[in-house]
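Pasting start09.cif here (mmCIF, C-alpha atoms and all ligand atoms):
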```cif
data_entry
loop_
_atom_site.label_atom_id
_atom_site.label_comp_id
_atom_site.auth_asym_id
_atom_site.auth_seq_id
_atom_site.Cartn_x
_atom_site.Cartn_y
_atom_site.Cartn_z
CA MET A 1 70.83 99.60 122.79
CA THR A 2 72.95 100.14 119.75
CA ALA A 3 69.77 99.55 117.80
CA ASP A 4 68.57 102.88 119.16
CA ARG A 5 71.96 104.51 119.17
CA PRO A 6 72.53 106.24 115.88
CA GLY A 7 75.42 108.30 117.24
CA ALA A 8 76.18 111.92 117.78
CA PRO A 9 73.81 114.29 116.00
CA ALA A 10 75.40 116.70 113.59
CA GLY A 11 76.56 119.80 115.38
CA ALA A 12 76.38 118.26 118.86
CA GLN A 13 78.10 120.50 121.38
CA THR A 14 80.21 119.55 124.36
CA ASP A 15 78.53 121.59 127.05
CA LEU A 16 79.40 119.27 129.89
CA PRO A 17 80.40 121.06 133.07
CA HIS A 18 83.03 118.48 134.01
CA THR A 19 84.49 118.06 130.56
CA VAL A 20 88.10 119.02 129.96
CA GLN A 21 88.16 121.15 126.85
CA GLN A 22 91.65 120.27 125.77
CA VAL A 23 93.37 117.89 123.42
CA TYR A 24 95.30 116.12 126.14
CA ALA A 25 93.28 113.58 128.13
CA PRO A 26 94.44 111.84 131.32
CA ALA A 27 94.63 108.04 131.43
CA CYS A 28 91.42 106.25 132.35
CA ARG A 29 90.47 103.18 134.31
CA LEU A 30 87.36 101.07 133.88
CA ARG A 31 84.98 100.15 136.70
CA PRO A 32 81.36 98.99 136.97
CA LEU A 33 78.67 101.60 136.43
CA ARG A 34 77.05 102.67 139.70
CA SER A 35 73.74 104.39 140.36
CA THR A 36 75.70 107.49 141.40
CA ASP A 37 76.93 107.72 137.79
CA PHE A 38 73.40 108.15 136.42
CA ASP A 39 73.41 111.95 136.16
CA ARG A 40 76.73 112.06 134.39
CA VAL A 41 75.84 109.23 132.01
CA LEU A 42 72.56 110.95 131.15
CA GLN A 43 74.48 114.16 130.51
CA LEU A 44 76.77 112.31 128.10
CA GLU A 45 73.76 110.60 126.53
CA ARG A 46 72.26 113.95 125.56
CA VAL A 47 75.50 115.14 123.99
CA LEU A 48 76.22 111.89 122.17
CA PHE A 49 72.75 110.77 121.10
CA GLY A 50 70.65 113.94 121.02
CA ALA A 51 66.97 113.18 120.60
CA GLY A 52 67.69 109.47 120.95
CA ALA A 53 69.24 109.89 124.41
CA TRP A 54 68.06 107.57 127.14
CA THR A 55 66.03 109.15 129.90
CA PHE A 56 66.57 108.37 133.57
CA GLY A 57 63.76 105.81 133.43
CA MET A 58 65.14 104.11 130.34
CA LEU A 59 68.60 103.89 131.86
CA ALA A 60 67.26 102.56 135.16
CA ASP A 61 65.11 99.97 133.35
CA GLU A 62 68.03 98.95 131.18
CA LEU A 63 70.35 98.41 134.13
CA ALA A 64 67.71 96.48 136.04
CA ALA A 65 67.03 94.12 133.14
CA LEU A 66 68.42 90.60 133.10
CA GLY A 67 71.87 89.87 131.75
CA ARG A 68 73.15 93.44 131.61
CA TRP A 69 76.76 94.39 132.38
CA TYR A 70 77.90 98.00 132.24
CA VAL A 71 81.26 99.68 132.76
CA VAL A 72 82.38 103.28 132.85
CA ALA A 73 85.72 104.95 132.20
CA GLU A 74 87.01 107.56 134.59
CA PRO A 75 90.24 109.54 134.52
CA THR A 76 92.91 108.30 136.90
CA GLY A 77 96.47 108.98 138.01
CA PRO A 78 98.40 112.17 138.75
CA ASP A 79 97.23 113.85 135.57
CA ALA A 80 93.61 113.35 136.52
CA VAL A 81 94.30 114.76 140.00
CA ALA A 82 96.01 117.75 138.41
CA VAL A 83 93.00 118.39 136.21
CA TYR A 84 90.12 117.53 138.55
CA GLY A 85 91.62 117.71 142.02
CA PRO A 86 91.70 114.91 144.61
CA GLY A 87 87.95 114.20 144.67
CA PRO A 88 85.78 112.02 142.44
CA LYS A 89 86.52 112.21 138.75
CA PRO A 90 83.83 112.56 136.08
CA VAL A 91 82.87 109.56 134.01
CA VAL A 92 84.15 110.10 130.47
CA GLY A 93 82.83 106.96 128.82
CA TYR A 94 80.41 104.10 129.34
CA ALA A 95 79.36 100.90 127.65
CA GLY A 96 77.16 97.90 128.28
CA LEU A 97 76.06 94.55 127.01
CA TRP A 98 73.19 92.12 127.29
CA PHE A 99 73.97 88.43 127.47
CA ASP A 100 70.94 86.23 126.73
CA GLY A 101 72.66 82.94 127.48
CA ASP A 102 73.73 82.49 123.89
CA VAL A 103 75.21 85.65 122.40
CA ALA A 104 76.13 89.07 123.77
CA GLN A 105 74.56 92.21 122.31
CA ILE A 106 76.30 95.53 122.72
CA MET A 107 73.66 97.88 124.06
CA THR A 108 75.57 101.14 123.99
CA ILE A 109 79.01 102.69 123.98
CA GLY A 110 79.82 106.36 124.27
CA VAL A 111 82.81 108.58 125.02
CA ASP A 112 82.87 112.22 126.08
CA PRO A 113 83.74 114.17 122.90
CA ALA A 114 86.71 115.79 124.69
CA TYR A 115 88.14 112.30 125.32
CA GLN A 116 87.42 110.77 121.93
CA ARG A 117 90.32 109.48 119.82
CA HIS A 118 92.35 108.64 122.92
CA GLY A 119 91.60 104.93 123.06
CA VAL A 120 88.80 105.07 125.62
CA GLY A 121 86.21 103.57 123.26
CA ARG A 122 88.63 100.78 122.34
CA GLU A 123 89.15 99.92 126.01
CA LEU A 124 85.44 99.93 126.74
CA LEU A 125 84.80 97.67 123.77
CA ARG A 126 87.67 95.41 124.81
CA ALA A 127 86.10 95.05 128.25
CA LEU A 128 82.74 94.09 126.74
CA VAL A 129 84.32 91.51 124.45
CA GLU A 130 86.39 90.09 127.29
CA ARG A 131 83.30 89.88 129.45
CA SER A 132 81.43 88.13 126.64
CA ARG A 133 84.22 85.57 126.36
CA ASN A 134 84.10 84.95 130.10
CA LEU A 135 80.36 84.40 129.81
CA ARG A 136 81.01 81.83 127.05
CA ALA A 137 79.01 83.85 124.54
CA GLY A 138 79.33 82.43 121.05
CA ALA A 139 79.45 85.87 119.45
CA VAL A 140 79.02 89.58 120.09
CA LEU A 141 76.41 91.36 117.98
CA LEU A 142 75.50 95.00 117.48
CA GLU A 143 73.74 97.43 115.17
CA VAL A 144 75.37 100.62 113.99
CA ARG A 145 74.16 103.37 111.72
CA VAL A 146 75.70 103.07 108.27
CA ASP A 147 77.06 106.63 108.41
CA ASN A 148 78.59 106.41 111.89
CA ASP A 149 82.19 106.31 110.69
CA ALA A 150 83.71 106.54 114.17
CA ALA A 151 81.77 103.56 115.51
CA LEU A 152 82.28 101.56 112.32
CA GLY A 153 86.01 102.19 112.56
CA LEU A 154 86.04 101.17 116.21
CA TYR A 155 84.16 97.92 115.60
CA GLU A 156 86.00 96.94 112.43
CA LYS A 157 89.34 97.49 114.08
CA ALA A 158 88.22 95.16 116.86
CA GLY A 159 87.42 92.45 114.32
CA PHE A 160 83.65 92.86 113.93
CA GLU A 161 82.29 91.98 110.49
CA ARG A 162 79.24 93.31 108.72
CA ILE A 163 76.73 90.49 108.38
CA GLY A 164 73.62 92.36 107.30
CA LEU A 165 71.92 95.60 106.44
CA ARG A 166 68.71 96.64 108.18
CA ARG A 167 67.05 99.19 105.97
CA ARG A 168 65.45 102.26 107.60
CA TYR A 169 66.28 100.77 110.95
CA TYR A 170 66.68 104.09 112.73
CA GLN A 171 63.55 106.21 112.95
CA PRO A 172 62.72 109.05 112.68
CA GLU A 173 66.19 109.57 111.16
CA ASP A 174 65.22 107.02 108.47
CA LYS A 175 68.77 105.65 108.40
CA ASP A 176 69.96 102.13 107.67
CA ALA A 177 71.95 100.05 110.12
CA PHE A 178 74.61 97.44 109.67
CA THR A 179 74.39 94.40 111.88
CA MET A 180 77.91 93.46 112.92
CA ARG A 181 79.23 90.31 114.54
CA LEU A 182 82.37 89.22 116.29
CA ASP A 183 82.77 85.45 116.39
CA LEU A 184 84.03 84.28 119.78
CA SER A 185 84.32 80.61 118.96
CA ALA A 186 87.98 81.05 118.03
CA ALA A 187 90.74 81.52 120.60
CA ALA A 188 91.09 85.02 122.04
CA PRO A 189 93.68 87.12 120.24
CA ALA A 190 96.58 88.03 122.50
CA GLU A 191 95.78 91.73 122.06
CA GLU A 192 92.46 91.35 123.86
CA THR A 193 93.95 89.89 126.98
CA ALA A 194 96.03 92.91 127.95
CA ALA A 195 94.61 96.25 129.06
CA GLU A 196 96.50 99.07 127.41
CA GLY A 197 95.89 102.20 125.36
CA ALA A 198 93.69 104.37 127.55
CA GLY A 199 95.28 102.91 130.65
CA ALA A 200 92.34 100.71 131.59
CA GLU A 201 92.81 99.06 134.95
CA GLY A 202 90.75 95.92 134.61
CA ASP A 203 87.48 95.01 132.97
CA GLY A 204 85.15 96.66 135.42
CA GLY A 205 84.94 93.93 137.99
CA ASP A 206 83.81 90.35 138.01
CA ASP A 207 80.13 90.61 138.86
CA GLY A 208 77.88 88.42 136.79
CA PRO A 209 75.27 89.61 134.37
CA GLY A 210 72.26 91.32 135.86
CA PRO A 211 71.70 94.62 137.61
CA VAL A 212 74.97 96.45 138.13
CA GLY A 213 73.62 99.55 139.84
CA ASP A 214 76.03 99.59 142.76
CA ALA A 215 78.23 96.69 141.89
CA ALA A 216 81.56 98.42 142.43
C1 LIG B 301 82.37 105.56 118.65
C2 LIG B 301 83.09 106.12 119.89
C3 LIG B 301 82.57 105.39 121.12
C4 LIG B 301 84.60 105.86 119.73
O1 LIG B 301 85.25 106.23 120.94
P1 LIG B 301 86.75 106.77 120.98
O2 LIG B 301 87.20 106.75 122.38
O3 LIG B 301 86.86 108.07 120.26
O4 LIG B 301 87.50 105.67 120.11
P2 LIG B 301 89.06 105.28 120.21
O5 LIG B 301 89.88 106.50 120.42
O6 LIG B 301 89.22 104.18 121.19
O7 LIG B 301 89.34 104.76 118.74
C5 LIG B 301 89.46 103.37 118.44
C6 LIG B 301 89.37 103.20 116.95
O8 LIG B 301 88.05 103.56 116.49
C7 LIG B 301 88.14 104.22 115.21
N1 LIG B 301 87.66 105.59 115.31
C8 LIG B 301 87.37 106.27 116.45
N2 LIG B 301 86.92 107.49 116.15
C9 LIG B 301 86.93 107.58 114.80
C10 LIG B 301 86.56 108.60 113.89
N3 LIG B 301 86.08 109.79 114.32
N4 LIG B 301 86.66 108.36 112.57
C11 LIG B 301 87.11 107.18 112.12
N5 LIG B 301 87.50 106.16 112.94
C12 LIG B 301 87.40 106.37 114.26
C13 LIG B 301 89.61 104.17 114.82
O9 LIG B 301 89.84 102.96 114.11
C14 LIG B 301 90.29 104.12 116.17
O10 LIG B 301 91.56 103.57 116.13
P3 LIG B 301 92.83 104.55 115.89
O11 LIG B 301 92.72 105.66 116.89
O12 LIG B 301 94.00 103.67 116.14
O13 LIG B 301 92.71 105.06 114.49
C15 LIG B 301 82.88 107.65 120.01
O14 LIG B 301 83.16 108.26 118.78
C16 LIG B 301 81.48 108.05 120.44
O15 LIG B 301 81.17 108.11 121.62
N6 LIG B 301 80.59 108.35 119.45
C17 LIG B 301 79.25 108.83 119.75
C18 LIG B 301 78.37 107.71 120.29
C19 LIG B 301 78.25 106.56 119.29
O16 LIG B 301 78.11 106.76 118.10
N7 LIG B 301 78.30 105.33 119.83
C20 LIG B 301 78.23 104.12 119.03
C21 LIG B 301 76.79 103.75 118.77
S1 LIG B 301 76.70 102.28 117.74
#
```
Would you mind giving the structure from this file in structure tokens?
Amino acid sequence: MTADRPGAPAGAQTDLPHTVQQVYAPACRLRPLRSTDFDRVLQLERVLFGAGAWTFGMLADELAALGRWYVVAEPTGPDAVAVYGPGPKPVVGYAGLWFDGDVAQIMTIGVDPAYQRHGVGRELLRALVERSRNLRAGAVLLEVRVDNDAALGLYEKAGFERIGLRRRYYQPEDKDAFTMRLDLSAAAPAEETAAEGAGAEGDGGDDGPGPVGDAA
């Protein structure tokens, strides 16, 4: 969960075998996370979260828990075929939420470093917020490390507001976290109803909260 997700450790390297080491990134589409994505997601976890990365067991438990909904981003279109060939494309981003019947909590969001700053994180977050609206959640909540400028920028641009500071929330890093909240009681802004930017093709499906292992 974001509570355990302080962000990329300093000096994290992109040593992912499927990663495109170039500035240009193909368009992406969003789809539900499947069990066949586990290895790739765990690979990204290690790069993005270092010592705080989820293990296979943690990821499996998380996805099997009640009220979870996870999506991944994968490259699509002719550019993706040119880069990766006609076969399956590597997941380059993932995100998930937990809906408890009242509010939605963002559990994680991560983008392959080679694909960052191309709108993938924004599309993943948009899908989570849209899903939360569809679930009639009153708000979306999350925790983020106070020095995670990328994530703070992402959330603030999407309208999240800082509502509290949790001192020494992240251990052993001993870092504080902001709690952030997006109020969903107001009408949805027009911007959130249209998939754009990274070329997202939908919000990852319409399956309800709960295990999403093979929900494609
Ligand atoms: C946070 C993260 C998911 C953002 O993904 P991304 O695909 O690079 O983000 P986007 O390209 O969609 O950027 C959307 C907005 O976020 C903000 N943002 C993203 N990266 C930023 C950075 N490095 N510095 C400042 N703002 C940033 C900007 O406001 C950006 O809008 P703009 O491009 O119009 O300026 C990505 O940096 C990441 O995976 N970080 C490591 C894992 C992590 O910290 N997860 C969050 C845990 S709470």
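Among the candidates A:Leu97, A:Phe178, A:Cys28, A:His118, the one nearest to A:Asp149 when counting all atoms listed in the file is A:Phe178.
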Report as a tab-separated table the residues of chain A within 8 Å of ligand LIG 301 (chain B), each with its shortest atom pair and distance in Å (one decimal), using only C-alpha atoms and all ligand atoms, ordered by chain and increasing residue number.
```
residue	atom	partner	partner_atom	distance
A:Thr2	CA	B:LIG301	S1	4.8
A:Ala3	CA	B:LIG301	S1	7.4
A:Arg5	CA	B:LIG301	C21	4.9
A:Pro6	CA	B:LIG301	C21	5.7
A:Gly7	CA	B:LIG301	O16	3.2
A:Ala8	CA	B:LIG301	C17	4.8
A:Leu48	CA	B:LIG301	C17	4.9
A:Phe49	CA	B:LIG301	C18	6.5
A:Gly93	CA	B:LIG301	O15	7.5
A:Thr108	CA	B:LIG301	C21	6.0
A:Ile109	CA	B:LIG301	N7	5.0
A:Gly110	CA	B:LIG301	O15	3.5
A:Val111	CA	B:LIG301	O15	3.8
A:Asp112	CA	B:LIG301	O15	6.3
A:Pro113	CA	B:LIG301	O15	6.7
A:Tyr115	CA	B:LIG301	O2	6.4
A:Gln116	CA	B:LIG301	O3	3.2
A:Arg117	CA	B:LIG301	O5	3.1
A:His118	CA	B:LIG301	O5	4.1
A:Gly119	CA	B:LIG301	O6	3.1
A:Val120	CA	B:LIG301	O2	4.0
A:Gly121	CA	B:LIG301	O2	3.4
A:Arg122	CA	B:LIG301	O6	3.6
A:Glu123	CA	B:LIG301	O6	6.4
A:Leu124	CA	B:LIG301	O6	7.9
A:Leu142	CA	B:LIG301	S1	7.4
A:Glu143	CA	B:LIG301	S1	6.2
A:Val144	CA	B:LIG301	S1	4.3
A:Arg145	CA	B:LIG301	S1	6.6
A:Asn148	CA	B:LIG301	O16	6.2
A:Asp149	CA	B:LIG301	C11	5.2
A:Ala150	CA	B:LIG301	C9	3.4
A:Ala151	CA	B:LIG301	C1	3.8
A:Leu152	CA	B:LIG301	N5	7.0
A:Gly153	CA	B:LIG301	C7	4.0
A:Leu154	CA	B:LIG301	O8	3.1
A:Tyr155	CA	B:LIG301	O8	6.9
A:Glu156	CA	B:LIG301	O9	7.3
A:Lys157	CA	B:LIG301	O9	5.5
A:Ala198	CA	B:LIG301	O6	7.8
```
For the selection you just gave me, I'd like the residues written to a file as a tab-separated table (two decimals), in the coordinates of the input, keeping C-alpha atoms.
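Contents of the output file out18.tsv:
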```
chain	number	residue	atom	x	y	z
A	2	THR	CA	72.95	100.14	119.75
A	3	ALA	CA	69.77	99.55	117.80
A	5	ARG	CA	71.96	104.51	119.17
A	6	PRO	CA	72.53	106.24	115.88
A	7	GLY	CA	75.42	108.30	117.24
A	8	ALA	CA	76.18	111.92	117.78
A	48	LEU	CA	76.22	111.89	122.17
A	49	PHE	CA	72.75	110.77	121.10
A	93	GLY	CA	82.83	106.96	128.82
A	108	THR	CA	75.57	101.14	123.99
A	109	ILE	CA	79.01	102.69	123.98
A	110	GLY	CA	79.82	106.36	124.27
A	111	VAL	CA	82.81	108.58	125.02
A	112	ASP	CA	82.87	112.22	126.08
A	113	PRO	CA	83.74	114.17	122.90
A	115	TYR	CA	88.14	112.30	125.32
A	116	GLN	CA	87.42	110.77	121.93
A	117	ARG	CA	90.32	109.48	119.82
A	118	HIS	CA	92.35	108.64	122.92
A	119	GLY	CA	91.60	104.93	123.06
A	120	VAL	CA	88.80	105.07	125.62
A	121	GLY	CA	86.21	103.57	123.26
A	122	ARG	CA	88.63	100.78	122.34
A	123	GLU	CA	89.15	99.92	126.01
A	124	LEU	CA	85.44	99.93	126.74
A	142	LEU	CA	75.50	95.00	117.48
A	143	GLU	CA	73.74	97.43	115.17
A	144	VAL	CA	75.37	100.62	113.99
A	145	ARG	CA	74.16	103.37	111.72
A	148	ASN	CA	78.59	106.41	111.89
A	149	ASP	CA	82.19	106.31	110.69
A	150	ALA	CA	83.71	106.54	114.17
A	151	ALA	CA	81.77	103.56	115.51
A	152	LEU	CA	82.28	101.56	112.32
A	153	GLY	CA	86.01	102.19	112.56
A	154	LEU	CA	86.04	101.17	116.21
A	155	TYR	CA	84.16	97.92	115.60
A	156	GLU	CA	86.00	96.94	112.43
A	157	LYS	CA	89.34	97.49	114.08
A	198	ALA	CA	93.69	104.37	127.55
```
Pick from A:Arg133, A:Arg168, A:Arg68, A:Arg126 nearest to A:Leu184, counting only C-alpha atoms: A:Arg133
Calculate how many Å separate atom CA of A:Thr36 from atom CA of A:Leu128, rounding to one decimal. 21.1 Å
May I ask for the distance between atom CA of A:Pro88 and atom CA of A:Gln43, given in Å to one decimal place? 16.6 Å
So which residues are close to (71.3, 94.5, 125.9), meaning at most 10 Å away in the file's coordinates with all atoms listed in the file counted, and can you show them as a list in words? Met1, Thr2, Ala3, Glu62, Leu63, Ala65, Leu66, Gly67, Arg68, Trp69, Tyr70, Gly96, Leu97, Trp98, Phe99, Asp100, Ala104, Gln105, Ile106, Met107, Thr108, Leu141 and Leu142 of chain A
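The gap separating atom CA of A:Gly138 from atom CA of A:Ser185 is 5.7 Å, in Å to one decimal.
Candidate residues A:Glu45, A:Glu74, A:Asp102, A:Glu161 were compared for distance to A:Pro26, and the nearest is A:Glu74, using only C-alpha atoms.
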